[in-house]
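This is entry_31.json (JSON, C-alpha atoms).
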```json
[["chain", "number", "residue", "atom", "x", "y", "z"],
["A", 816, "MET", "CA", -0.58, -12.57, -9.00],
["A", 817, "ILE", "CA", 2.77, -10.90, -8.16],
["A", 818, "THR", "CA", 6.20, -12.53, -8.28],
["A", 819, "TYR", "CA", 9.46, -10.83, -7.32],
["A", 820, "ARG", "CA", 12.42, -12.61, -8.93],
["A", 821, "ASN", "CA", 15.90, -11.93, -7.53],
["A", 822, "VAL", "CA", 15.28, -8.16, -7.28],
["A", 823, "HIS", "CA", 18.42, -6.06, -6.74],
["A", 824, "LYS", "CA", 18.52, -2.29, -6.34],
["A", 825, "ALA", "CA", 21.24, 0.09, -5.15],
["A", 826, "PHE", "CA", 21.35, 3.86, -4.82],
["A", 827, "ASP", "CA", 24.41, 5.14, -2.92],
["A", 828, "LYS", "CA", 24.57, 1.64, -1.41],
["A", 829, "PRO", "CA", 22.65, -1.64, -1.90],
["A", 830, "VAL", "CA", 18.99, -1.44, -0.84],
["A", 831, "LEU", "CA", 17.63, -4.72, -2.20],
["A", 832, "SER", "CA", 19.94, -7.70, -2.57],
["A", 833, "GLY", "CA", 18.17, -10.54, -4.35],
["A", 834, "VAL", "CA", 14.60, -10.52, -3.02],
["A", 835, "SER", "CA", 12.32, -13.30, -4.30],
["A", 836, "PHE", "CA", 8.80, -14.29, -3.26],
["A", 837, "THR", "CA", 5.27, -14.63, -4.63],
["A", 838, "VAL", "CA", 1.98, -13.04, -3.57],
["A", 839, "GLU", "CA", -1.06, -15.13, -4.50],
["A", 840, "SER", "CA", -4.21, -13.84, -6.16],
["A", 841, "GLY", "CA", -6.65, -12.46, -3.58],
["A", 842, "GLU", "CA", -4.06, -12.59, -0.82],
["A", 843, "MET", "CA", -3.48, -9.84, 1.72],
["A", 844, "PHE", "CA", 0.25, -9.70, 2.30],
["A", 845, "ALA", "CA", 2.21, -7.55, 4.78],
["A", 846, "LEU", "CA", 5.82, -6.45, 4.40],
["A", 847, "PHE", "CA", 7.70, -5.62, 7.62],
["A", 848, "GLY", "CA", 11.21, -4.53, 8.43],
["A", 849, "PRO", "CA", 13.32, -1.77, 9.99],
["A", 850, "SER", "CA", 13.42, 1.66, 8.35],
["A", 851, "GLY", "CA", 15.68, 1.86, 5.33],
["A", 852, "THR", "CA", 15.60, -1.84, 4.54],
["A", 853, "GLY", "CA", 13.94, -1.47, 1.13],
["A", 854, "LYS", "CA", 10.23, -2.12, 1.76],
["A", 855, "SER", "CA", 8.91, 0.93, -0.09],
["A", 856, "VAL", "CA", 11.52, 0.55, -2.82],
["A", 857, "LEU", "CA", 10.37, -3.03, -3.43],
["A", 858, "LEU", "CA", 6.73, -1.92, -3.50],
["A", 859, "LYS", "CA", 7.55, 0.72, -6.13],
["A", 860, "THR", "CA", 9.20, -1.87, -8.39],
["A", 861, "THR", "CA", 5.78, -3.55, -8.70],
["A", 862, "ILE", "CA", 4.47, -0.83, -11.02],
["A", 863, "GLY", "CA", 7.73, 0.44, -12.48],
["A", 864, "LEU", "CA", 8.19, 3.52, -10.28],
["A", 865, "VAL", "CA", 11.62, 2.08, -9.41],
["A", 866, "VAL", "CA", 13.58, 0.02, -11.95],
["A", 867, "PRO", "CA", 15.66, -2.85, -10.48],
["A", 868, "ASP", "CA", 19.33, -3.07, -11.34],
["A", 869, "ARG", "CA", 18.85, -6.80, -11.71],
["A", 870, "GLY", "CA", 15.92, -9.20, -11.52],
["A", 871, "ASP", "CA", 12.29, -8.82, -12.52],
["A", 872, "VAL", "CA", 8.75, -8.44, -11.24],
["A", 873, "GLU", "CA", 5.88, -10.34, -12.86],
["A", 874, "VAL", "CA", 2.33, -9.10, -12.34],
["A", 875, "ASP", "CA", -0.60, -11.21, -13.53],
["A", 876, "GLY", "CA", 1.73, -13.05, -15.90],
["A", 877, "MET", "CA", 3.39, -9.95, -17.35],
["A", 878, "SER", "CA", 7.02, -8.94, -16.90],
["A", 879, "VAL", "CA", 7.21, -5.34, -15.70],
["A", 880, "TYR", "CA", 10.81, -4.98, -16.90],
["A", 881, "HIS", "CA", 10.96, -7.09, -20.04],
["A", 882, "GLY", "CA", 7.43, -6.59, -21.32],
["A", 883, "GLY", "CA", 7.90, -3.10, -22.73],
["A", 884, "ARG", "CA", 5.92, 0.07, -22.13],
["A", 885, "SER", "CA", 2.59, -1.60, -22.87],
["A", 886, "ALA", "CA", 3.13, -4.12, -20.06],
["A", 887, "VAL", "CA", 3.95, -1.36, -17.55],
["A", 888, "ASP", "CA", 0.86, 0.61, -18.60],
["A", 889, "ASP", "CA", -1.32, -2.49, -18.26],
["A", 890, "VAL", "CA", 0.07, -3.27, -14.80],
["A", 891, "ARG", "CA", -0.56, 0.30, -13.68],
["A", 892, "ARG", "CA", -4.15, 0.16, -14.94],
["A", 893, "LYS", "CA", -4.68, -2.95, -12.81],
["A", 894, "SER", "CA", -3.11, -1.39, -9.70],
["A", 895, "GLY", "CA", -4.04, 1.19, -7.11],
["A", 896, "TYR", "CA", -1.21, 2.78, -5.11],
["A", 897, "VAL", "CA", -1.71, 4.41, -1.71],
["A", 898, "PHE", "CA", 1.27, 6.66, -1.04],
["A", 899, "GLN", "CA", 2.82, 7.09, 2.39],
["A", 900, "HIS", "CA", 1.77, 10.73, 2.85],
["A", 901, "ALA", "CA", -1.35, 10.57, 0.63],
["A", 902, "ALA", "CA", 0.49, 12.58, -2.09],
["A", 903, "LEU", "CA", -2.55, 14.69, -2.92],
["A", 904, "PHE", "CA", -2.20, 17.58, -5.36],
["A", 905, "ASP", "CA", -2.41, 20.77, -3.28],
["A", 906, "SER", "CA", -4.01, 22.88, -6.00],
["A", 907, "LEU", "CA", -6.77, 20.36, -6.81],
["A", 908, "ASN", "CA", -9.91, 19.79, -4.79],
["A", 909, "VAL", "CA", -10.92, 16.37, -3.46],
["A", 910, "TYR", "CA", -13.09, 15.60, -6.49],
["A", 911, "GLU", "CA", -10.25, 16.35, -8.91],
["A", 912, "ASN", "CA", -7.69, 14.44, -6.84],
["A", 913, "VAL", "CA", -9.84, 11.32, -6.70],
["A", 914, "ALA", "CA", -10.84, 11.47, -10.38],
["A", 915, "MET", "CA", -7.16, 11.31, -11.31],
["A", 916, "GLY", "CA", -7.18, 7.71, -10.13],
["A", 917, "ILE", "CA", -9.32, 6.70, -13.11],
["A", 918, "PRO", "CA", -7.06, 5.52, -15.97],
["A", 919, "GLU", "CA", -6.49, 8.35, -18.43],
["A", 920, "ASP", "CA", -7.95, 6.61, -21.48],
["A", 921, "GLU", "CA", -11.07, 5.61, -19.53],
["A", 922, "LEU", "CA", -11.47, 9.08, -18.00],
["A", 923, "ALA", "CA", -11.33, 10.70, -21.46],
["A", 924, "SER", "CA", -14.30, 8.66, -22.67],
["A", 925, "LEU", "CA", -16.32, 8.68, -19.43],
["A", 926, "PRO", "CA", -19.26, 11.12, -19.29],
["A", 927, "LYS", "CA", -18.84, 13.73, -16.55],
["A", 928, "ARG", "CA", -21.93, 12.46, -14.75],
["A", 929, "ASP", "CA", -20.46, 8.92, -14.60],
["A", 930, "THR", "CA", -17.16, 10.29, -13.33],
["A", 931, "ALA", "CA", -18.98, 12.21, -10.61],
["A", 932, "HIS", "CA", -20.88, 9.06, -9.58],
["A", 933, "ARG", "CA", -17.65, 7.07, -9.41],
["A", 934, "VAL", "CA", -15.97, 9.69, -7.21],
["A", 935, "TRP", "CA", -19.05, 10.03, -5.01],
["A", 936, "ASP", "CA", -19.30, 6.27, -4.48],
["A", 937, "VAL", "CA", -15.65, 5.77, -3.52],
["A", 938, "LEU", "CA", -15.71, 8.70, -1.10],
["A", 939, "GLU", "CA", -18.67, 7.09, 0.65],
["A", 940, "ASN", "CA", -16.82, 3.76, 0.57],
["A", 941, "VAL", "CA", -13.91, 5.25, 2.55],
["A", 942, "ASN", "CA", -16.34, 6.78, 5.08],
["A", 943, "LEU", "CA", -16.16, 10.38, 3.86],
["A", 944, "ASP", "CA", -19.24, 12.55, 3.24],
["A", 945, "PRO", "CA", -19.05, 13.68, -0.41],
["A", 946, "HIS", "CA", -21.23, 16.71, 0.38],
["A", 947, "GLU", "CA", -18.70, 17.82, 2.96],
["A", 948, "VAL", "CA", -15.37, 17.11, 1.26],
["A", 949, "MET", "CA", -15.82, 17.12, -2.52],
["A", 950, "ALA", "CA", -14.95, 20.81, -3.04],
["A", 951, "LYS", "CA", -12.28, 21.06, -0.36],
["A", 952, "ILE", "CA", -8.57, 21.30, -1.10],
["A", 953, "PRO", "CA", -6.06, 19.14, 0.84],
["A", 954, "SER", "CA", -5.02, 21.94, 3.23],
["A", 955, "GLU", "CA", -8.60, 21.98, 4.55],
["A", 956, "LEU", "CA", -8.52, 18.29, 5.49],
["A", 957, "SER", "CA", -7.29, 16.53, 8.62],
["A", 958, "GLY", "CA", -4.52, 13.94, 8.38],
["A", 959, "GLY", "CA", -6.96, 11.07, 8.58],
["A", 960, "MET", "CA", -9.19, 12.59, 5.89],
["A", 961, "LYS", "CA", -6.22, 13.03, 3.55],
["A", 962, "LYS", "CA", -5.38, 9.36, 3.99],
["A", 963, "ARG", "CA", -8.95, 8.40, 3.08],
["A", 964, "VAL", "CA", -8.92, 10.62, -0.02],
["A", 965, "GLY", "CA", -5.67, 8.94, -1.07],
["A", 966, "ILE", "CA", -7.33, 5.55, -0.63],
["A", 967, "ALA", "CA", -10.38, 6.72, -2.62],
["A", 968, "ARG", "CA", -8.08, 7.75, -5.49],
["A", 969, "ALA", "CA", -6.42, 4.32, -5.38],
["A", 970, "ILE", "CA", -9.69, 2.38, -5.66],
["A", 971, "VAL", "CA", -11.67, 4.59, -8.05],
["A", 972, "GLY", "CA", -9.99, 2.92, -11.05],
["A", 973, "ARG", "CA", -11.40, -0.46, -9.88],
["A", 974, "PRO", "CA", -7.99, -2.15, -9.59],
["A", 975, "LYS", "CA", -7.20, -5.85, -9.16],
["A", 976, "ILE", "CA", -4.17, -4.98, -6.99],
["A", 977, "LEU", "CA", -3.80, -2.51, -4.12],
["A", 978, "LEU", "CA", -0.36, -1.43, -2.93],
["A", 979, "TRP", "CA", -0.29, 0.29, 0.47],
["A", 980, "ASP", "CA", 2.87, 2.23, 1.33],
["A", 981, "GLU", "CA", 2.80, 3.02, 5.07],
["A", 982, "PRO", "CA", -0.85, 4.15, 4.97],
["A", 983, "THR", "CA", -1.02, 4.88, 8.72],
["A", 984, "THR", "CA", 2.22, 6.90, 9.04],
["A", 985, "GLY", "CA", 1.69, 10.04, 11.13],
["A", 986, "LEU", "CA", -1.67, 8.97, 12.54],
["A", 987, "ASP", "CA", -2.52, 8.54, 16.22],
["A", 988, "PRO", "CA", -3.48, 5.04, 17.44],
["A", 989, "ILE", "CA", -7.23, 5.66, 17.11],
["A", 990, "ASN", "CA", -6.99, 6.85, 13.50],
["A", 991, "THR", "CA", -4.46, 4.11, 12.76],
["A", 992, "ALA", "CA", -6.96, 1.47, 13.90],
["A", 993, "ALA", "CA", -9.73, 3.10, 11.83],
["A", 994, "ILE", "CA", -7.61, 3.14, 8.66],
["A", 995, "GLU", "CA", -6.53, -0.47, 9.21],
["A", 996, "ARG", "CA", -10.17, -1.56, 9.54],
["A", 997, "LEU", "CA", -10.86, 0.28, 6.29],
["A", 998, "ILE", "CA", -7.91, -1.41, 4.55],
["A", 999, "HIS", "CA", -9.12, -4.84, 5.63],
["A", 1000, "ARG", "CA", -12.71, -4.16, 4.61],
["A", 1001, "LEU", "CA", -11.81, -2.77, 1.19],
["A", 1002, "SER", "CA", -9.34, -5.55, 0.42],
["A", 1003, "THR", "CA", -12.02, -8.12, 1.24],
["A", 1004, "GLU", "CA", -15.02, -6.42, -0.39],
["A", 1005, "LEU", "CA", -13.18, -5.45, -3.58],
["A", 1006, "GLU", "CA", -11.62, -8.94, -3.85],
["A", 1007, "VAL", "CA", -8.19, -7.53, -4.66],
["A", 1008, "THR", "CA", -4.64, -8.67, -4.06],
["A", 1009, "SER", "CA", -3.06, -6.38, -1.45],
["A", 1010, "ILE", "CA", 0.51, -5.74, -0.34],
["A", 1011, "LEU", "CA", 0.78, -3.66, 2.82],
["A", 1012, "VAL", "CA", 4.07, -2.01, 3.80],
["A", 1013, "THR", "CA", 3.72, -0.99, 7.43],
["A", 1014, "HIS", "CA", 5.56, -0.28, 10.68],
["A", 1015, "ASP", "CA", 2.43, -1.29, 12.62],
["A", 1016, "VAL", "CA", 3.37, -4.93, 13.04],
["A", 1017, "GLU", "CA", 0.41, -5.89, 15.23],
["A", 1018, "GLY", "CA", -2.09, -4.33, 12.83],
["A", 1019, "GLY", "CA", -0.49, -6.09, 9.86],
["A", 1020, "LEU", "CA", -0.48, -9.44, 11.64],
["A", 1021, "GLN", "CA", -4.18, -9.13, 12.43],
["A", 1022, "MET", "CA", -5.14, -8.24, 8.86],
["A", 1023, "CYS", "CA", -2.97, -10.33, 6.58],
["A", 1024, "HIS", "CA", -2.85, -13.92, 5.37],
["A", 1025, "ARG", "CA", 0.94, -13.98, 5.16],
["A", 1026, "VAL", "CA", 3.79, -11.65, 6.09],
["A", 1027, "ALA", "CA", 7.42, -11.17, 5.12],
["A", 1028, "MET", "CA", 10.27, -9.35, 6.81],
["A", 1029, "LEU", "CA", 13.08, -7.58, 4.99],
["A", 1030, "GLU", "CA", 16.33, -7.02, 6.85],
["A", 1031, "GLY", "CA", 19.44, -5.58, 5.27],
["A", 1032, "GLY", "CA", 17.83, -5.72, 1.83],
["A", 1033, "THR", "CA", 17.21, -9.47, 1.95],
["A", 1034, "LEU", "CA", 14.21, -11.62, 2.84],
["A", 1035, "ARG", "CA", 14.63, -12.69, 6.46],
["A", 1036, "PHE", "CA", 11.22, -14.35, 6.95],
["A", 1037, "ILE", "CA", 8.08, -15.29, 5.04],
["A", 1038, "GLY", "CA", 5.10, -17.17, 6.44],
["A", 1039, "THR", "CA", 1.82, -16.88, 8.33],
["A", 1040, "PRO", "CA", 1.24, -14.41, 11.18],
["A", 1041, "ALA", "CA", 1.33, -17.30, 13.68],
["A", 1042, "GLU", "CA", 4.67, -18.49, 12.29],
["A", 1043, "PHE", "CA", 6.03, -14.95, 12.47],
["A", 1044, "ARG", "CA", 5.03, -14.55, 16.13],
["A", 1045, "SER", "CA", 6.72, -17.84, 17.07],
["A", 1046, "CYS", "CA", 9.76, -17.57, 14.77],
["A", 1047, "PRO", "CA", 12.94, -18.56, 16.68],
["A", 1048, "ASP", "CA", 15.24, -16.44, 14.49],
["A", 1049, "PRO", "CA", 16.81, -13.95, 16.98],
["A", 1050, "VAL", "CA", 16.65, -11.06, 14.49],
["A", 1051, "VAL", "CA", 12.93, -11.65, 13.84],
["A", 1052, "ARG", "CA", 12.32, -12.19, 17.55],
["A", 1053, "ALA", "CA", 14.00, -8.88, 18.44],
["A", 1054, "PHE", "CA", 11.97, -7.08, 15.79],
["A", 1055, "VAL", "CA", 8.67, -8.54, 17.05],
["A", 1056, "ASP", "CA", 9.49, -7.71, 20.67],
["A", 1057, "ARG", "CA", 10.55, -4.16, 19.84],
["A", 1058, "ALA", "CA", 7.40, -3.57, 17.78],
["A", 1059, "ALA", "CA", 5.23, -4.87, 20.64],
["A", 1060, "ALA", "CA", 6.97, -2.57, 23.14],
["A", 1061, "GLU", "CA", 6.52, 0.46, 20.85],
["A", 1062, "ALA", "CA", 2.82, -0.35, 20.34],
["A", 1063, "ALA", "CA", 2.30, -0.61, 24.10],
["A", 1064, "LEU", "CA", 4.05, 2.74, 24.63],
["A", 1065, "ASP", "CA", 1.85, 4.37, 21.98],
["A", 1066, "MET", "CA", -1.27, 3.13, 23.73],
["A", 1067, "VAL", "CA", -0.10, 4.46, 27.11],
["A", 1068, "THR", "CA", 0.78, 7.84, 25.58],
["A", 1069, "GLU", "CA", -2.58, 8.07, 23.81],
["A", 1070, "SER", "CA", -4.51, 7.29, 27.02],
["A", 1071, "ARG", "CA", -2.93, 10.20, 28.90]]
```

Can the structure in the file be given as structure tokens, please?
Amino acid sequence: MITYRNVHKAFDKPVLSGVSFTVESGEMFALFGPSGTGKSVLLKTTIGLVVPDRGDVEVDGMSVYHGGRSAVDDVRRKSGYVFQHAALFDSLNVYENVAMGIPEDELASLPKRDTAHRVWDVLENVNLDPHEVMAKIPSELSGGMKKRVGIARAIVGRPKILLWDEPTTGLDPINTAAIERLIHRLSTELEVTSILVTHDVEGGLQMCHRVAMLEGGTLRFIGTPAEFRSCPDPVVRAFVDRAAAEAALDMVTESR
């Protein structure tokens, strides 16, 4: 479904240095790595939000960077993107924010009643009460509710691909676990291909079919969760151990 071919990207310094791998159709794939190693940048190349300096991304057989504007538009119609901090529009209410996830050409021809049904259904699907939240603006929502609205916006367009950019950032362990259960359920029920960028290593390992680790802008590891846990590479091992220690500390802090 998604193939990254020798992707390079630099800003002030190199961020991605020749990343190549494939995500299969229907797969749930996690992307790990230290902060600043290019995970979110790579995710953004999938739908043309970031243009590589070199290399290409192919989505469902289409080149994002050599296929022209029509290819980018088609890829974006097939994709739902969950931004790290929800990225809701402050001046729009929940209904309006979610409705913006419907592709523009489809939204223009969709009767208002059908749009309302679509928004209502996806809000229920992310465990929000439409009666309660539909008319609220983002400042009236909790952090966890904002995350769910962002997810609702990503799925309302009925995508084939879901891209999750740190969807649990800023949440406490209880809300993190709730959002991760939601991610797993939606990815399974909607039969989509998912790529999850996350710092919650344990959560990603429990949810995903395969995982990869970026380090220094290159692919350090790719394989199954079991292979990742037992990987002898000292850099991977140190990352796994550090993530486990941080998760344990979070749980202790939350219990106090």

Which neighbours of segment 825-835 of chain A fall inside 12 Å, counting all atoms listed in the file, when residues of the same chain fewer than 6 positions from it are skipped, and could you give them as number ranges by chain?
A: 817-819, 850-858, 860, 865-873, 1027-1037

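With all atoms listed in the file as the atoms that count, the residue of A:Leu1011, A:Leu922, A:Ala950, A:Val909 with the shortest distance to Ala967 of chain A is A:Val909.
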
Using only C-alpha atoms, which protein or nucleic acid residues come within 10 Å of Val897 of chain A? Drop anything in the same chain fewer than 5 positions from it, and give the result as a VMD selection string.
chain A and resid 902 962 to 970 977 to 982 1011

Prev. selection, C-alpha atoms, output as a PDB file, in the frame of the given file:
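Final output, saved to out_27.pdb:
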```
ATOM      1  CA  ALA A 902       0.490  12.580  -2.090  1.00  0.00           C
ATOM      2  CA  LYS A 962      -5.380   9.360   3.990  1.00  0.00           C
ATOM      3  CA  ARG A 963      -8.950   8.400   3.080  1.00  0.00           C
ATOM      4  CA  VAL A 964      -8.920  10.620  -0.020  1.00  0.00           C
ATOM      5  CA  GLY A 965      -5.670   8.940  -1.070  1.00  0.00           C
ATOM      6  CA  ILE A 966      -7.330   5.550  -0.630  1.00  0.00           C
ATOM      7  CA  ALA A 967     -10.380   6.720  -2.620  1.00  0.00           C
ATOM      8  CA  ARG A 968      -8.080   7.750  -5.490  1.00  0.00           C
ATOM      9  CA  ALA A 969      -6.420   4.320  -5.380  1.00  0.00           C
ATOM     10  CA  ILE A 970      -9.690   2.380  -5.660  1.00  0.00           C
ATOM     11  CA  LEU A 977      -3.800  -2.510  -4.120  1.00  0.00           C
ATOM     12  CA  LEU A 978      -0.360  -1.430  -2.930  1.00  0.00           C
ATOM     13  CA  TRP A 979      -0.290   0.290   0.470  1.00  0.00           C
ATOM     14  CA  ASP A 980       2.870   2.230   1.330  1.00  0.00           C
ATOM     15  CA  GLU A 981       2.800   3.020   5.070  1.00  0.00           C
ATOM     16  CA  PRO A 982      -0.850   4.150   4.970  1.00  0.00           C
ATOM     17  CA  LEU A1011       0.780  -3.660   2.820  1.00  0.00           C
TER      18      LEU A1011
END
```

Quick check, in Å to one decimal: how far apart do atom CA of Thr1013 of chain A and atom CA of Leu846 of chain A lie?
6.6 Å

So which residues touch His1014 of chain A within 8 Å, counting only C-alpha atoms, skipping near sequence neighbours fewer than 6 positions away, as number ranges by chain?
A: 847-849, 981

Measure the distance from atom CA of Arg996 of chain A to atom CA of Gly1018 of chain A in Å and round it to one decimal.
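It comes out at 9.2 Å.
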
Quote the spacing between atom CA of Arg1044 of chain A and atom CA of Glu839 of chain A in Å to one decimal place.
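Interatomic distance here is 21.5 Å.
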
Identify which of the residues A:Pro1040, A:Gly959, A:Pro1049, A:Pro926 lies closest to Ile989 of chain A, counting all atoms listed in the file when measuring atom-to-atom distances.
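The shortest atom-to-atom distance to Ile989 of chain A comes from A:Gly959.
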
Judged by all atoms listed in the file, the minimum distance to Trp935 of chain A among A:Lys961, A:Val971, A:Asp889, A:Ala992 is found for A:Val971

Tell me which of A:Leu1001, A:Val934, A:Leu986, A:Leu907 sits closest to Gly972 of chain A, counting all atoms listed in the file.
A:Val934

Need to verify the contact set: segment 1006-1010 of chain A, 6 Å, all atoms listed in the file, exclusion of same-chain residues closer than 4 positions in sequence. Can you return it as a ChimeraX atom specification?
/A:840-845,975-978,1002

May I ask which of the residues A:Leu938, A:Ala1058, A:Ile862, A:Ala1053 is the closest one to Met960 of chain A, counting all atoms listed in the file?
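Smallest distance to Met960 of chain A is found for A:Leu938.
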
Near Glu911 of chain A, counting all atoms listed in the file, which residues have an atom at most 10 Å away, once you skip same-chain residues fewer than 2 positions from it, shown as a list in words?
Leu903, Phe904, Ser906, Leu907, Asn908, Val909, Val913, Ala914, Met915, Gly916, Ala931, Val934, Met949, Ala950, Lys951, Ile952 and Arg968 of chain A

Provide segment 866-893 of chain A rebuilt to N, CA and C atoms, formatted as a short mmCIF file (atom, residue, chain, number, x, y, z; two decimals), in the coordinates of the input.
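Saved result, result-v6.cif, follows:
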```
data_model
loop_
_atom_site.label_atom_id
_atom_site.label_comp_id
_atom_site.auth_asym_id
_atom_site.auth_seq_id
_atom_site.Cartn_x
_atom_site.Cartn_y
_atom_site.Cartn_z
N VAL A 866 13.10 1.07 -11.05
CA VAL A 866 13.58 0.02 -11.95
C VAL A 866 14.71 -0.76 -11.26
N PRO A 867 14.58 -2.07 -11.11
CA PRO A 867 15.66 -2.85 -10.48
C PRO A 867 16.94 -2.80 -11.30
N ASP A 868 18.06 -2.92 -10.64
CA ASP A 868 19.33 -3.07 -11.34
C ASP A 868 19.45 -4.47 -11.93
N ARG A 869 18.82 -5.41 -11.27
CA ARG A 869 18.85 -6.80 -11.71
C ARG A 869 17.60 -7.49 -11.20
N GLY A 870 17.12 -8.49 -11.92
CA GLY A 870 15.92 -9.20 -11.52
C GLY A 870 14.70 -8.70 -12.25
N ASP A 871 13.53 -9.17 -11.83
CA ASP A 871 12.29 -8.82 -12.52
C ASP A 871 11.12 -8.93 -11.55
N VAL A 872 10.02 -8.30 -11.94
CA VAL A 872 8.75 -8.44 -11.24
C VAL A 872 7.71 -8.85 -12.27
N GLU A 873 6.96 -9.90 -11.99
CA GLU A 873 5.88 -10.34 -12.86
C GLU A 873 4.55 -10.07 -12.16
N VAL A 874 3.65 -9.42 -12.87
CA VAL A 874 2.33 -9.10 -12.34
C VAL A 874 1.27 -9.68 -13.27
N ASP A 875 0.46 -10.58 -12.75
CA ASP A 875 -0.60 -11.21 -13.53
C ASP A 875 -0.05 -11.79 -14.84
N GLY A 876 1.13 -12.39 -14.74
CA GLY A 876 1.73 -13.05 -15.90
C GLY A 876 2.55 -12.17 -16.81
N MET A 877 2.64 -10.87 -16.50
CA MET A 877 3.39 -9.95 -17.35
C MET A 877 4.67 -9.49 -16.67
N SER A 878 5.76 -9.45 -17.42
CA SER A 878 7.02 -8.94 -16.90
C SER A 878 7.01 -7.42 -16.94
N VAL A 879 7.21 -6.80 -15.77
CA VAL A 879 7.21 -5.34 -15.70
C VAL A 879 8.45 -4.77 -16.38
N TYR A 880 9.54 -5.53 -16.41
CA TYR A 880 10.81 -4.98 -16.90
C TYR A 880 11.28 -5.54 -18.23
N HIS A 881 10.61 -6.56 -18.72
CA HIS A 881 10.96 -7.09 -20.04
C HIS A 881 9.76 -7.08 -20.98
N GLY A 882 8.65 -6.57 -20.52
CA GLY A 882 7.43 -6.59 -21.32
C GLY A 882 7.19 -5.33 -22.12
N GLY A 883 8.07 -4.34 -21.97
CA GLY A 883 7.90 -3.10 -22.73
C GLY A 883 6.93 -2.14 -22.06
N ARG A 884 6.77 -0.99 -22.69
CA ARG A 884 5.92 0.07 -22.13
C ARG A 884 4.47 -0.37 -21.99
N SER A 885 3.99 -1.17 -22.93
CA SER A 885 2.59 -1.60 -22.87
C SER A 885 2.32 -2.45 -21.65
N ALA A 886 3.30 -3.28 -21.25
CA ALA A 886 3.13 -4.12 -20.06
C ALA A 886 3.07 -3.26 -18.81
N VAL A 887 3.96 -2.26 -18.71
CA VAL A 887 3.95 -1.36 -17.55
C VAL A 887 2.62 -0.62 -17.46
N ASP A 888 2.14 -0.11 -18.59
CA ASP A 888 0.86 0.61 -18.60
C ASP A 888 -0.28 -0.31 -18.17
N ASP A 889 -0.26 -1.55 -18.62
CA ASP A 889 -1.32 -2.49 -18.26
C ASP A 889 -1.28 -2.81 -16.78
N VAL A 890 -0.07 -3.01 -16.23
CA VAL A 890 0.07 -3.27 -14.80
C VAL A 890 -0.44 -2.09 -13.99
N ARG A 891 -0.11 -0.89 -14.41
CA ARG A 891 -0.56 0.30 -13.68
C ARG A 891 -2.07 0.47 -13.74
N ARG A 892 -2.69 0.09 -14.86
CA ARG A 892 -4.15 0.16 -14.94
C ARG A 892 -4.81 -0.82 -13.97
N LYS A 893 -4.12 -1.93 -13.69
CA LYS A 893 -4.68 -2.95 -12.81
C LYS A 893 -4.41 -2.65 -11.34
#
```
